[in-house]
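Structure file model-v9.cif (mmCIF, C-alpha atoms and all ligand atoms; chains and numbers go by the auth columns) follows.
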```cif
data_start
#
loop_
_atom_site.group_PDB
_atom_site.id
_atom_site.type_symbol
_atom_site.label_atom_id
_atom_site.label_comp_id
_atom_site.label_asym_id
_atom_site.label_seq_id
_atom_site.Cartn_x
_atom_site.Cartn_y
_atom_site.Cartn_z
_atom_site.B_iso_or_equiv
_atom_site.auth_seq_id
_atom_site.auth_asym_id
ATOM 1 C CA MET A 1 104.848 117.711 77.349 0.00 1 A
ATOM 2 C CA MET A 2 106.802 117.518 80.618 0.00 2 A
ATOM 3 C CA GLU A 3 106.263 114.751 83.085 0.00 3 A
ATOM 4 C CA THR A 4 107.955 114.262 86.408 0.00 4 A
ATOM 5 C CA THR A 5 109.409 110.816 86.532 0.00 5 A
ATOM 6 C CA PRO A 6 109.048 108.948 89.804 0.00 6 A
ATOM 7 C CA LEU A 7 112.739 108.147 89.616 0.00 7 A
ATOM 8 C CA ASN A 8 113.608 111.730 90.576 0.00 8 A
ATOM 9 C CA ILE A 9 113.663 111.151 94.308 0.00 9 A
ATOM 10 C CA PRO A 10 115.300 114.011 96.185 0.00 10 A
ATOM 11 C CA PRO A 11 118.787 112.846 97.173 0.00 11 A
ATOM 12 C CA LYS A 12 118.590 113.980 100.783 0.00 12 A
ATOM 13 C CA SER A 13 116.921 110.782 102.037 0.00 13 A
ATOM 14 C CA SER A 14 118.838 108.311 99.925 0.00 14 A
ATOM 15 C CA GLY A 15 121.642 107.700 102.422 0.00 15 A
ATOM 16 C CA TYR A 16 119.151 106.751 105.086 0.00 16 A
ATOM 17 C CA ALA A 17 117.151 104.609 102.667 0.00 17 A
ATOM 18 C CA HIS A 18 120.342 102.820 101.737 0.00 18 A
ATOM 19 C CA MET A 19 121.016 102.040 105.399 0.00 19 A
ATOM 20 C CA GLN A 20 117.511 100.669 105.767 0.00 20 A
ATOM 21 C CA THR A 21 117.982 98.466 102.722 0.00 21 A
ATOM 22 C CA LEU A 22 121.219 97.097 104.134 0.00 22 A
ATOM 23 C CA ARG A 23 119.543 96.434 107.452 0.00 23 A
ATOM 24 C CA VAL A 24 116.693 94.526 105.773 0.00 24 A
ATOM 25 C CA LEU A 25 119.155 92.549 103.669 0.00 25 A
ATOM 26 C CA PHE A 26 121.189 91.685 106.730 0.00 26 A
ATOM 27 C CA ARG A 27 118.099 90.591 108.615 0.00 27 A
ATOM 28 C CA SER A 28 116.888 88.346 105.787 0.00 28 A
ATOM 29 C CA ALA A 29 120.363 86.844 105.530 0.00 29 A
ATOM 30 C CA LEU A 30 120.128 85.932 109.210 0.00 30 A
ATOM 31 C CA ILE A 31 116.663 84.422 108.768 0.00 31 A
ATOM 32 C CA GLY A 32 117.877 82.517 105.715 0.00 32 A
ATOM 33 C CA ALA A 33 120.781 81.094 107.679 0.00 33 A
ATOM 34 C CA ALA A 34 118.450 80.031 110.477 0.00 34 A
ATOM 35 C CA LEU A 35 116.102 78.317 108.018 0.00 35 A
ATOM 36 C CA LEU A 36 119.003 76.509 106.395 0.00 36 A
ATOM 37 C CA ALA A 37 120.212 75.289 109.769 0.00 37 A
ATOM 38 C CA ALA A 38 116.707 74.065 110.616 0.00 38 A
ATOM 39 C CA SER A 39 116.253 72.185 107.368 0.00 39 A
ATOM 40 C CA ALA A 40 119.721 70.672 107.558 0.00 40 A
ATOM 41 C CA SER A 41 118.752 68.681 110.625 0.00 41 A
ATOM 42 C CA HIS A 42 116.275 66.042 109.564 0.00 42 A
ATOM 43 C CA ALA A 43 115.074 65.717 113.147 0.00 43 A
ATOM 44 C CA ALA A 44 112.680 68.661 112.828 0.00 44 A
ATOM 45 C CA LEU A 45 110.511 67.217 115.600 0.00 45 A
ATOM 46 C CA ASP A 46 107.843 69.656 116.739 0.00 46 A
ATOM 47 C CA VAL A 47 105.230 67.713 118.705 0.00 47 A
ATOM 48 C CA GLY A 48 102.954 70.676 119.380 0.00 48 A
ATOM 49 C CA ARG A 49 102.841 71.701 115.754 0.00 49 A
ATOM 50 C CA ALA A 50 102.382 68.088 114.615 0.00 50 A
ATOM 51 C CA LYS A 51 99.367 67.632 116.875 0.00 51 A
ATOM 52 C CA ALA A 52 97.809 70.900 115.738 0.00 52 A
ATOM 53 C CA LEU A 53 98.275 69.875 112.103 0.00 53 A
ATOM 54 C CA LEU A 54 96.705 66.465 112.748 0.00 54 A
ATOM 55 C CA SER A 55 93.463 68.020 113.923 0.00 55 A
ATOM 56 C CA GLN A 56 93.489 70.935 111.471 0.00 56 A
ATOM 57 C CA ASN A 57 93.831 68.515 108.542 0.00 57 A
ATOM 58 C CA ALA A 58 91.420 65.802 109.700 0.00 58 A
ATOM 59 C CA CYS A 59 94.168 63.167 109.674 0.00 59 A
ATOM 60 C CA LEU A 60 92.596 61.640 112.786 0.00 60 A
ATOM 61 C CA GLY A 61 89.361 61.009 110.909 0.00 61 A
ATOM 62 C CA CYS A 62 91.219 58.231 109.097 0.00 62 A
ATOM 63 C CA HIS A 63 94.196 57.446 111.328 0.00 63 A
ATOM 64 C CA ALA A 64 94.812 56.602 114.964 0.00 64 A
ATOM 65 C CA VAL A 65 98.175 56.145 116.643 0.00 65 A
ATOM 66 C CA GLU A 66 97.586 52.627 117.956 0.00 66 A
ATOM 67 C CA SER A 67 95.047 51.041 115.639 0.00 67 A
ATOM 68 C CA ARG A 68 93.992 50.913 112.033 0.00 68 A
ATOM 69 C CA VAL A 69 90.985 53.081 111.126 0.00 69 A
ATOM 70 C CA VAL A 70 90.567 53.858 107.410 0.00 70 A
ATOM 71 C CA GLY A 71 94.321 54.189 107.072 0.00 71 A
ATOM 72 C CA PRO A 72 97.130 52.399 108.905 0.00 72 A
ATOM 73 C CA ALA A 73 97.953 53.017 112.570 0.00 73 A
ATOM 74 C CA TYR A 74 100.719 55.592 112.851 0.00 74 A
ATOM 75 C CA LYS A 75 102.677 53.161 115.050 0.00 75 A
ATOM 76 C CA ASP A 76 102.620 50.669 112.170 0.00 76 A
ATOM 77 C CA VAL A 77 103.783 53.353 109.740 0.00 77 A
ATOM 78 C CA ALA A 78 106.632 54.196 112.141 0.00 78 A
ATOM 79 C CA ALA A 79 107.618 50.526 112.366 0.00 79 A
ATOM 80 C CA LYS A 80 107.519 49.993 108.601 0.00 80 A
ATOM 81 C CA TYR A 81 109.683 53.031 107.825 0.00 81 A
ATOM 82 C CA LYS A 82 111.949 52.933 110.880 0.00 82 A
ATOM 83 C CA GLY A 83 114.877 55.292 110.338 0.00 83 A
ATOM 84 C CA GLY A 84 113.180 56.692 107.249 0.00 84 A
ATOM 85 C CA ASN A 85 113.541 60.182 105.901 0.00 85 A
ATOM 86 C CA PRO A 86 110.770 62.620 106.947 0.00 86 A
ATOM 87 C CA VAL A 87 111.226 64.544 103.710 0.00 87 A
ATOM 88 C CA VAL A 88 110.309 61.424 101.711 0.00 88 A
ATOM 89 C CA LEU A 89 107.406 60.424 103.942 0.00 89 A
ATOM 90 C CA GLY A 90 106.237 64.049 104.036 0.00 90 A
ATOM 91 C CA ALA A 91 106.054 64.063 100.245 0.00 91 A
ATOM 92 C CA ARG A 92 103.978 60.877 100.376 0.00 92 A
ATOM 93 C CA ILE A 93 101.578 62.469 102.861 0.00 93 A
ATOM 94 C CA LYS A 94 101.120 65.340 100.421 0.00 94 A
ATOM 95 C CA SER A 95 100.576 63.115 97.406 0.00 95 A
ATOM 96 C CA GLY A 96 98.335 60.505 99.069 0.00 96 A
ATOM 97 C CA GLY A 97 97.646 57.365 97.041 0.00 97 A
ATOM 98 C CA ALA A 98 96.908 53.691 97.570 0.00 98 A
ATOM 99 C CA GLY A 99 98.535 50.288 97.450 0.00 99 A
ATOM 100 C CA LYS A 100 101.011 50.392 100.314 0.00 100 A
ATOM 101 C CA TRP A 101 98.576 49.401 103.041 0.00 101 A
ATOM 102 C CA GLY A 102 95.599 48.174 101.071 0.00 102 A
ATOM 103 C CA GLU A 103 93.180 49.154 98.359 0.00 103 A
ATOM 104 C CA ILE A 104 91.777 52.256 100.041 0.00 104 A
ATOM 105 C CA ALA A 105 93.400 55.463 98.804 0.00 105 A
ATOM 106 C CA MET A 106 94.494 58.340 100.964 0.00 106 A
ATOM 107 C CA PRO A 107 93.355 61.619 99.402 0.00 107 A
ATOM 108 C CA PRO A 108 96.209 64.031 98.549 0.00 108 A
ATOM 109 C CA GLN A 109 96.977 66.617 101.230 0.00 109 A
ATOM 110 C CA ALA A 110 98.187 69.302 98.851 0.00 110 A
ATOM 111 C CA GLN A 111 97.085 72.021 101.278 0.00 111 A
ATOM 112 C CA LEU A 112 100.065 71.154 103.494 0.00 112 A
ATOM 113 C CA SER A 113 103.286 73.093 103.034 0.00 113 A
ATOM 114 C CA ASP A 114 106.383 70.945 102.556 0.00 114 A
ATOM 115 C CA ALA A 115 107.573 72.061 105.991 0.00 115 A
ATOM 116 C CA ASP A 116 104.314 71.034 107.681 0.00 116 A
ATOM 117 C CA ALA A 117 104.229 67.702 105.854 0.00 117 A
ATOM 118 C CA ARG A 118 107.768 67.066 107.084 0.00 118 A
ATOM 119 C CA ILE A 119 106.799 67.948 110.667 0.00 119 A
ATOM 120 C CA LEU A 120 103.948 65.417 110.498 0.00 120 A
ATOM 121 C CA ALA A 121 106.220 62.766 108.971 0.00 121 A
ATOM 122 C CA ALA A 122 108.962 63.383 111.561 0.00 122 A
ATOM 123 C CA TRP A 123 106.444 63.025 114.372 0.00 123 A
ATOM 124 C CA ILE A 124 105.065 59.746 112.960 0.00 124 A
ATOM 125 C CA LEU A 125 108.570 58.349 112.341 0.00 125 A
ATOM 126 C CA ALA A 126 109.533 59.268 115.909 0.00 126 A
ATOM 127 C CA GLY A 127 106.768 56.939 117.133 0.00 127 A
ATOM 128 C CA CYS A 128 104.121 59.608 117.800 0.00 128 A
ATOM 129 C CA PRO A 129 105.482 61.026 121.067 0.00 129 A
ATOM 130 C CA ASP A 130 102.938 62.749 123.325 0.00 130 A
ATOM 131 C CA GLN A 131 105.303 65.642 124.011 0.00 131 A
HETATM 132 C C1 LIG B . 90.217 59.965 103.990 0.00 1 B
HETATM 133 C C2 LIG B . 91.103 59.200 104.853 0.00 1 B
HETATM 134 C C3 LIG B . 92.496 59.718 105.127 0.00 1 B
HETATM 135 C C4 LIG B . 92.884 60.965 105.557 0.00 1 B
HETATM 136 C C5 LIG B . 92.023 62.206 105.781 0.00 1 B
HETATM 137 C C6 LIG B . 94.306 60.896 105.782 0.00 1 B
HETATM 138 N N1 LIG B . 94.767 59.647 105.481 0.00 1 B
HETATM 139 FE FE1 LIG B . 96.705 59.015 105.621 0.00 1 B
HETATM 140 N N2 LIG B . 96.183 57.257 104.753 0.00 1 B
HETATM 141 C C7 LIG B . 94.899 56.853 104.437 0.00 1 B
HETATM 142 C C8 LIG B . 94.952 55.571 103.783 0.00 1 B
HETATM 143 C C9 LIG B . 93.751 54.771 103.282 0.00 1 B
HETATM 144 C C10 LIG B . 96.331 55.210 103.709 0.00 1 B
HETATM 145 C C11 LIG B . 96.916 53.948 103.090 0.00 1 B
HETATM 146 C C12 LIG B . 97.336 54.248 101.641 0.00 1 B
HETATM 147 C C13 LIG B . 98.042 53.090 100.994 0.00 1 B
HETATM 148 O O1 LIG B . 97.654 51.936 101.204 0.00 1 B
HETATM 149 O O2 LIG B . 99.019 53.342 100.252 0.00 1 B
HETATM 150 C C14 LIG B . 97.069 56.279 104.341 0.00 1 B
HETATM 151 C C15 LIG B . 98.448 56.303 104.483 0.00 1 B
HETATM 152 C C16 LIG B . 99.150 57.236 105.226 0.00 1 B
HETATM 153 C C17 LIG B . 100.556 57.178 105.528 0.00 1 B
HETATM 154 C C18 LIG B . 101.523 56.097 105.058 0.00 1 B
HETATM 155 C C19 LIG B . 102.021 56.481 103.674 0.00 1 B
HETATM 156 C C20 LIG B . 102.955 55.461 103.062 0.00 1 B
HETATM 157 O O3 LIG B . 103.620 55.836 102.072 0.00 1 B
HETATM 158 O O4 LIG B . 103.037 54.312 103.520 0.00 1 B
HETATM 159 C C21 LIG B . 100.857 58.286 106.279 0.00 1 B
HETATM 160 C C22 LIG B . 102.211 58.664 106.841 0.00 1 B
HETATM 161 C C23 LIG B . 99.642 59.027 106.431 0.00 1 B
HETATM 162 N N3 LIG B . 98.622 58.385 105.784 0.00 1 B
HETATM 163 C C24 LIG B . 99.526 60.203 107.126 0.00 1 B
HETATM 164 C C25 LIG B . 98.410 61.044 107.070 0.00 1 B
HETATM 165 C C26 LIG B . 98.373 62.393 107.577 0.00 1 B
HETATM 166 C C27 LIG B . 99.515 63.076 108.305 0.00 1 B
HETATM 167 C C28 LIG B . 97.141 62.891 107.297 0.00 1 B
HETATM 168 C C29 LIG B . 96.617 64.293 107.537 0.00 1 B
HETATM 169 C C30 LIG B . 97.380 65.380 106.929 0.00 1 B
HETATM 170 C C31 LIG B . 96.385 61.841 106.641 0.00 1 B
HETATM 171 N N4 LIG B . 97.191 60.745 106.523 0.00 1 B
HETATM 172 C C32 LIG B . 95.063 61.948 106.230 0.00 1 B
HETATM 173 C C33 LIG B . 93.736 57.572 104.692 0.00 1 B
HETATM 174 C C34 LIG B . 93.696 58.898 105.077 0.00 1 B
#
```
In structure tokens, write the structure found in this file.
Amino acid sequence: MMETTPLNIPPKSSGYAHMQTLRVLFRSALIGAALLAASASHAALDVGRAKALLSQNACLGCHAVESRVVGPAYKDVAAKYKGGNPVVLGARIKSGGAGKWGEIAMPPQAQLSDADARILAAWILAGCPDQ
């Protein structure tokens, strides 16, 4: 029984396909470099994105900038961890937990990507700037 294998692609298009592959590789290398540069600077402060994330993730149901609600005021968090690393605080936002500010636990925010958690943490550590 004879079967045509899908590997037998006519050679006439392969040069072009190769070019396309190179182009895609080159483009992803550029994007990779840009991402690396962005993550290298800890100061990934993006106020607009932080504010959108706060309302999308109901953070403001339990937190306010100036005063304690269910959880601590963000200004108090900023003061406690002054100069802290947004990667570390971002991980704590994702994991939630209790005991640092009282008995009430913060539910885990596992729906956040690491990048978004870091944006939120950077914004809080920066003292919650309006813009
Ligand atoms: C259901 C209420 C609730 C929600 C929703 C909530 N938090 Fe919290 N959060 C808390 C409580 C309570 C604490 C204090 C936990 C403790 O004492 O360790 C806390 C603590 C924190 C801390 C300090 C963590 C530390 O290690 O000291 C940060 C930062 C924080 N929350 C950010 C956020 C962000 C950002 C969101 C939204 C993605 C969010 N929280 C959503 C209740 C909440």
### Message
as a PyMOL selection string, please: every protein or nucleic acid residue near ligand LIG 1 (chain B) (cut-off 8 Å, counting only C-alpha atoms and all ligand atoms).
### Response
chain A and resi 53-54+57-63+70-72+74+77+89-90+92-94+96-107+109+112+117+120-121+124
### Task
Could you tell me which residues the PyMOL selection byres (((chain A and resi 81) around 12) and not hetatm) returns for this structure, as a PyMOL selection string?
chain A and resi 74-80+82-86+88-89+100+121-122+124-127
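Excluding Asp130 in chain A itself and any same-chain residue fewer than 5 positions from it, the protein and nucleic acid residues within 12 Å of it, counting all atoms listed in the file, are A:Leu45, A:Asp46, A:Val47, A:Gly48, A:Arg49, A:Ala50, A:Lys51, A:Val65, A:Trp123, A:Ile124.
If you look at CA of Asp116 in chain A and CA of Gln56 in chain A, they are 11.5 Å away from each other.
We find CA of Val69 in chain A and CA of Ala44 in chain A to be spaced 26.8 Å apart.
Using all atoms listed in the file for every distance, the candidate list A:Ala110, A:Arg68, A:Ala73, A:Ser55 yields A:Ala73 as the residue closest to Cys128 in chain A.
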Please write out, as lines of an AutoDock Vina configuration file, where the centre of an axis-aligned box around all listed atoms of range 88-104 of chain A lies and how long its edges are, in Å to one decimal, after adding 6 Å on each side.
```
center_x = 101.0
center_y = 56.8
center_z = 100.5
size_x = 30.5
size_y = 29.2
size_z = 19.0
```
